[in-house]
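**Student:** Before anything else, here's the structure in question.
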Amino acid sequence: MFHGDDAVTESALPPPPPSLPTWDLSDLYNGVDDPRLDADIATCSQRANDFEARFKGSICADEVTSAHLLAALAEYEALLRDRYKPEAFASLLFSTDTRDPARGALLQKTREFGSSVATHLVFFDIEIGEIPAATYERLIEAAELSHYRHYLDHQRRLAAHNLSEAEEKILVETSTTRGRAFARLATEINGRTTFEIELGGTTEEKTQSEVLSLLFDADRRIREKAAAAITRSLRNNAHTCTFIYNTLLHEKDVLDRLRGYESPEASRHLNNELDGGIVDFVSEVCVANYDVVSDYYRLKGSLLGIDDLTHYDRYAPLAGGETRIDFDRARQMVVNSFSGFSSPLGEMANSFFENRWIDAALADGKRGGAYCAGVTPDHHPYIFMNYTGQPRDVMTLAHELGHGVHDILARSNHLLDYHPVLPLAETASTFAEMLLFDRLLGELDSDRERLALLCSKIEDTFATVFRQIAMFRFEQLAHRARRERGELTTEKLNELWQHSMQEMFGDSLKLGDEHACWWLYIPHIVDAPFYVYAYAFGELLVLALYARYQEEDEPFVERYTQLLSAGGSQTPVELTSRLGIDISDREFWQGGCDLIRARVAEAVSLATAL
Ligand SMILES: [Zn+2]
């Protein structure tokens with residue numbers, strides 16, 4: 001499982017700092033040509049065949065015993081473990097040099113191997129879902145299965161929405177020609193779209209990431225031109241992309257009806273093991289706190305000296321963000337911030353540096369962004385990033401080490417319960433950023449630098465919390481509108497998007513008509529409906545947890561460590577109740593928003609003092 005944290009970066013890379021670490025992958029394999037790769041792939045493929053031959057048809061059977069189910073689960077888990085290692089190695093290796101054809105070919109080969117193994121395993125979860133209720137109730141009480149109870153119960157809840165085997169088979173076999181094909185078409189259209197912009201007297205064609213990065217330019221005219229170029233190209237795609245989105249909305253409506261999901265959001269909530277009522281609370285609390293967004297953008301307008309702030313000013317940089325921090329200093333600060341919380345966690349964080357589990361160097365062909373790759377519970381995680389020395393890179397290091405420490409703590413869980421569900425997946429990483437943030441702020445020399453860092457943190461938090469909720473609300477409106485009125489026009493979708501986004505800014509920033517079609521390139525709404533709320537849920541949860549830590553100090557540390565150690569072995573409600581927290585309590589979520597408010601107030605007072 002890779003926790004990706006890609007972000008648009010605004011500046012060209014400075015010359016590579018000296019001694020940035022690269023990782024050592026030799027405890028996986030020795031390179032593209034390691035003969036153990038082919039040997040492991042062959043052994044695992046055979047094992048998958050054997051698994052199917054041995055267990056298919058025997059799980060969904062009246063006479064199935066707990067010992068038989070246990071044997072199948074243990075073998076299933078072992079198979080997944082064997083399957084992940086070659087692909088994890090290939091992905092890691094590819095990340096550090098995407099131009100090397102041998103690495104690309106290995107990645108493709110391990111992916112094909114992964115899918116071919118998966119085809120022998122699909123029957124297993126389906127059969128778990130089909131075990132007759134009375135048989136399942138008898139089985140699940142067996143002590144030997146208690147270890148797998150959370151996994152089995154969750155599979156059963158998902159399976160309650162399965163159609164008949166014959167129908168499911170048709171859906172699986174046609175899956176790449178239905179919605180998924182349209183989603184892929186949207187990705188390809190967006191990937192191929194170019195953006196024409198006139199800069200310094202010449203017209204240039206930019207890719208999407210290039211033109212988006214111009215929105216971070218200090219020159220307002222460049223930001224305005226970039227925004228106009230984006231709008232022009234998106235409008236050109238509007239007919240096709242609106243058709244695609246309508247098709248996806250309709251397909252989801254049909255499948256939800258057939259599968260018995262009561263609302264457009266229900267299947268996502270079930271996957272996240274969350275009650276929809278709790279998600280509604282999070283959304284409502286965010287909307288009730290939208291005024292903090294207006295407060296901030298009014299401040300930003302005055303700092304930029306712009307009184308008619310509009311959509312292309314949102315990411316304008318503030319003076320003071322040019323500080324550089326060398327990697328050794330960053331290591332020290334991040335490890336100290338973990339140690340200050342708990343010395344065992346500090347030692348875990350330090351082990352990533354000691355053992356060369358981090359690749360932070362800058363190199364040609366290395367992909368952008370950052371991630372933590374937790375391979376399997378019996379293998380340590382790896383951290384990937386590009387360290388350019390900006391304060392936000394120090395935050396990224398803390399973020400990825402948070403994931404890394406989480407993965408190490410969770411390794412006592414079996415593979416099927418190793419990773420928490422999506423809304424909790426960013427807990428440790430976001431918490432680690434919180435631990436580092438004040439320390440980092442203290443490192444800076446001037447109030448101007450502190451204000452720039454604080455504002456960039458506030459903007460990141462807004463992007464994770466309020467913007468995701470605004471997108472979630474757009475999706476809610478779009479899915480319902482399609483169900484109630486049939487096919488939607490681009491203009492109608494534009495109106496829903498603009499309404500959901502403008503609501504967040506209040507009167508502090510006027511988005512303008514040009515921004516109305518910008519829903520057209522958002523990948524999540526096409527690829528994974530309602531995925532976005534998990535970001536807001538996770539970030540607000542951590543803000544509120546951090547407030548608890550500040551109140552309780554020591555007693556919190558132990559309970560928080562236990563929460564991380566539990567991995568994905570329980571639902572979010574069960575896990576957080578271990579911390580004495582009730583996530584169905586509205587006040588709890590307001591606590592998270594109060595911390596954001598406090599940061600904005602701090603920025604206002606720093607700005608006043610300048
Ligand atoms: Zn992350």
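Every chain in the structure tokens takes a letter, A first, then B, and so on in the order presented; its residues are numbered from 1, and the ligands are numbered from 1 following the presented order.
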Find the residues around Glu558 (chain A) up to 12 Å (only C-alpha atoms counted), leave out those fewer than 4 positions away in its own chain, and share them as a list in words.

**Tutor:** Phe341, Ser342, Ser343, Pro344, Leu345, Tyr549, Glu552, Asp553, Glu554, Gln562, Leu563, Leu564, Ser565, Arg578 and Leu579 of chain A

**Student:** Step one, run DSSP on the backbone; step two, keep only residues of region 359-467 of chain A assigned to helix (DSSP H, G or I); then write them as a PyMOL selection string.

**Tutor:** chain A and resi 391-412+415-417+422-425+427-443+447-464+466-467

**Student:** Work out how far apart CA of Leu185 (chain A) and CA of Ser91 (chain A) are and give it in Å to one decimal.

**Tutor:** 24.5 Å

**Student:** Could you list, as JSON, numbers by chain, every residue within 12 Å of region 99-116 of chain A, counting only C-alpha atoms and ignoring same-chain residues fewer than 2 positions away?

**Tutor:** {"A": [31, 32, 33, 34, 37, 38, 40, 41, 42, 43, 44, 45, 46, 47, 48, 49, 79, 80, 81, 82, 83, 84, 85, 86, 87, 88, 89, 90, 91, 92, 93, 94, 95, 96, 97, 118, 119, 120, 121, 122, 363, 364, 365, 366, 367]}

**Student:** Mind writing the picked residues with N, CA and C atoms as a CSV table (one decimal), in the first residue's frame?

**Tutor:**
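The resulting file, selection.csv, is shown below:
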```
chain,number,residue,atom,x,y,z
A,31,GLY,N,18.3,-6.2,-7.6
A,31,GLY,CA,18.2,-5.4,-8.8
A,31,GLY,C,17.3,-6.1,-9.8
A,32,VAL,N,17.2,-5.4,-11.0
A,32,VAL,CA,16.2,-5.9,-12.0
A,32,VAL,C,16.5,-7.3,-12.4
A,33,ASP,N,17.8,-7.7,-12.3
A,33,ASP,CA,18.2,-9.0,-12.8
A,33,ASP,C,18.2,-10.1,-11.7
A,34,ASP,N,17.9,-9.7,-10.5
A,34,ASP,CA,18.0,-10.7,-9.5
A,34,ASP,C,17.1,-12.0,-9.8
A,37,LEU,N,13.7,-12.9,-8.3
A,37,LEU,CA,12.4,-12.3,-8.7
A,37,LEU,C,11.6,-13.3,-9.5
A,38,ASP,N,12.2,-13.8,-10.6
A,38,ASP,CA,11.5,-14.8,-11.4
A,38,ASP,C,11.1,-16.0,-10.6
A,40,ASP,N,10.4,-16.2,-7.4
A,40,ASP,CA,9.3,-15.9,-6.5
A,40,ASP,C,8.0,-15.7,-7.2
A,41,ILE,N,8.1,-15.1,-8.4
A,41,ILE,CA,6.9,-15.0,-9.2
A,41,ILE,C,6.3,-16.3,-9.6
A,42,ALA,N,7.2,-17.2,-10.0
A,42,ALA,CA,6.8,-18.6,-10.4
A,42,ALA,C,6.2,-19.3,-9.3
A,43,THR,N,6.8,-19.3,-8.1
A,43,THR,CA,6.3,-20.0,-6.9
A,43,THR,C,5.0,-19.5,-6.5
A,44,CYS,N,4.8,-18.1,-6.5
A,44,CYS,CA,3.6,-17.5,-6.1
A,44,CYS,C,2.5,-17.8,-7.0
A,45,SER,N,2.8,-17.8,-8.3
A,45,SER,CA,1.7,-18.1,-9.3
A,45,SER,C,1.2,-19.6,-9.1
A,46,GLN,N,2.1,-20.5,-8.9
A,46,GLN,CA,1.8,-21.9,-8.7
A,46,GLN,C,0.9,-22.0,-7.4
A,47,ARG,N,1.3,-21.3,-6.4
A,47,ARG,CA,0.6,-21.3,-5.1
A,47,ARG,C,-0.8,-20.8,-5.3
A,48,ALA,N,-1.0,-19.8,-6.1
A,48,ALA,CA,-2.4,-19.2,-6.4
A,48,ALA,C,-3.2,-20.2,-7.1
A,49,ASN,N,-2.6,-20.9,-8.1
A,49,ASN,CA,-3.4,-22.0,-8.7
A,49,ASN,C,-3.8,-23.1,-7.7
A,79,LEU,N,-0.3,-15.8,0.6
A,79,LEU,CA,-0.2,-15.6,-0.9
A,79,LEU,C,-0.1,-14.1,-1.2
A,80,LEU,N,-1.0,-13.3,-0.5
A,80,LEU,CA,-0.9,-11.9,-0.7
A,80,LEU,C,0.4,-11.3,-0.4
A,81,ARG,N,1.0,-11.8,0.7
A,81,ARG,CA,2.3,-11.4,1.2
A,81,ARG,C,3.4,-11.6,0.1
A,82,ASP,N,3.3,-12.8,-0.5
A,82,ASP,CA,4.3,-13.2,-1.5
A,82,ASP,C,4.1,-12.4,-2.8
A,83,ARG,N,2.8,-12.1,-3.0
A,83,ARG,CA,2.4,-11.3,-4.2
A,83,ARG,C,2.9,-9.9,-4.2
A,84,TYR,N,2.9,-9.3,-3.0
A,84,TYR,CA,3.2,-7.8,-2.9
A,84,TYR,C,4.7,-7.6,-3.1
A,85,LYS,N,5.6,-8.5,-2.6
A,85,LYS,CA,7.0,-8.2,-2.6
A,85,LYS,C,7.6,-7.8,-4.0
A,86,PRO,N,7.4,-8.7,-5.0
A,86,PRO,CA,8.0,-8.3,-6.3
A,86,PRO,C,7.5,-6.9,-6.8
A,87,GLU,N,6.1,-6.7,-6.7
A,87,GLU,CA,5.6,-5.5,-7.2
A,87,GLU,C,6.1,-4.3,-6.4
A,88,ALA,N,6.2,-4.4,-5.0
A,88,ALA,CA,6.7,-3.3,-4.2
A,88,ALA,C,8.1,-3.0,-4.6
A,89,PHE,N,8.9,-4.0,-4.8
A,89,PHE,CA,10.3,-3.7,-5.2
A,89,PHE,C,10.3,-3.0,-6.6
A,90,ALA,N,9.5,-3.5,-7.5
A,90,ALA,CA,9.5,-2.9,-8.9
A,90,ALA,C,9.1,-1.4,-8.8
A,91,SER,N,8.0,-1.2,-8.0
A,91,SER,CA,7.5,0.2,-7.9
A,91,SER,C,8.6,1.1,-7.3
A,92,LEU,N,9.2,0.6,-6.2
A,92,LEU,CA,10.2,1.5,-5.5
A,92,LEU,C,11.4,1.8,-6.5
A,93,LEU,N,11.8,0.8,-7.2
A,93,LEU,CA,12.9,0.9,-8.1
A,93,LEU,C,12.6,1.9,-9.2
A,94,PHE,N,11.4,1.7,-9.7
A,94,PHE,CA,10.9,2.5,-10.9
A,94,PHE,C,10.8,4.0,-10.4
A,95,SER,N,10.4,4.3,-9.2
A,95,SER,CA,10.2,5.6,-8.7
A,95,SER,C,11.5,6.5,-8.8
A,96,THR,N,12.6,5.8,-8.6
A,96,THR,CA,13.9,6.6,-8.5
A,96,THR,C,14.5,6.8,-9.9
A,97,ASP,N,14.0,6.0,-10.9
A,97,ASP,CA,14.4,6.3,-12.3
A,97,ASP,C,13.4,5.8,-13.3
A,118,ALA,N,-4.5,-12.4,-8.8
A,118,ALA,CA,-5.8,-12.0,-8.3
A,118,ALA,C,-6.9,-12.8,-8.9
A,119,THR,N,-6.8,-13.2,-10.2
A,119,THR,CA,-7.9,-13.9,-10.8
A,119,THR,C,-8.2,-15.2,-10.1
A,120,HIS,N,-7.1,-15.8,-9.5
A,120,HIS,CA,-7.3,-17.1,-8.8
A,120,HIS,C,-7.9,-16.9,-7.4
A,121,LEU,N,-7.9,-15.6,-7.0
A,121,LEU,CA,-8.3,-15.4,-5.6
A,121,LEU,C,-9.7,-14.8,-5.4
A,122,VAL,N,-10.3,-14.3,-6.6
A,122,VAL,CA,-11.6,-13.5,-6.4
A,122,VAL,C,-12.7,-14.4,-5.8
A,363,ALA,N,17.2,13.5,-8.4
A,363,ALA,CA,17.9,12.9,-9.5
A,363,ALA,C,17.1,13.0,-10.8
A,364,ASP,N,17.8,13.0,-11.9
A,364,ASP,CA,17.1,13.0,-13.2
A,364,ASP,C,16.3,11.7,-13.3
A,365,GLY,N,15.1,11.8,-13.8
A,365,GLY,CA,14.3,10.6,-14.0
A,365,GLY,C,13.5,10.2,-12.8
A,366,LYS,N,13.8,10.8,-11.7
A,366,LYS,CA,13.1,10.4,-10.4
A,366,LYS,C,11.7,11.0,-10.5
A,367,ARG,N,10.7,10.3,-10.1
A,367,ARG,CA,9.4,10.9,-10.2
A,367,ARG,C,9.2,11.9,-9.1
```

**Student:** Using only C-alpha atoms and all ligand atoms, which residue out of A:His499, A:His399, A:Arg599, A:Arg157 lies closest to ligand 1?

**Tutor:**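 Between A:His499, A:His399, A:Arg599, A:Arg157, the residue approaching ligand 1 most closely is A:His399.
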
**Student:** Figure out the distance between CA of Leu28 (chain A) and CA of Pro377 (chain A), please, to one decimal in Å.

**Tutor:** 13.9 Å
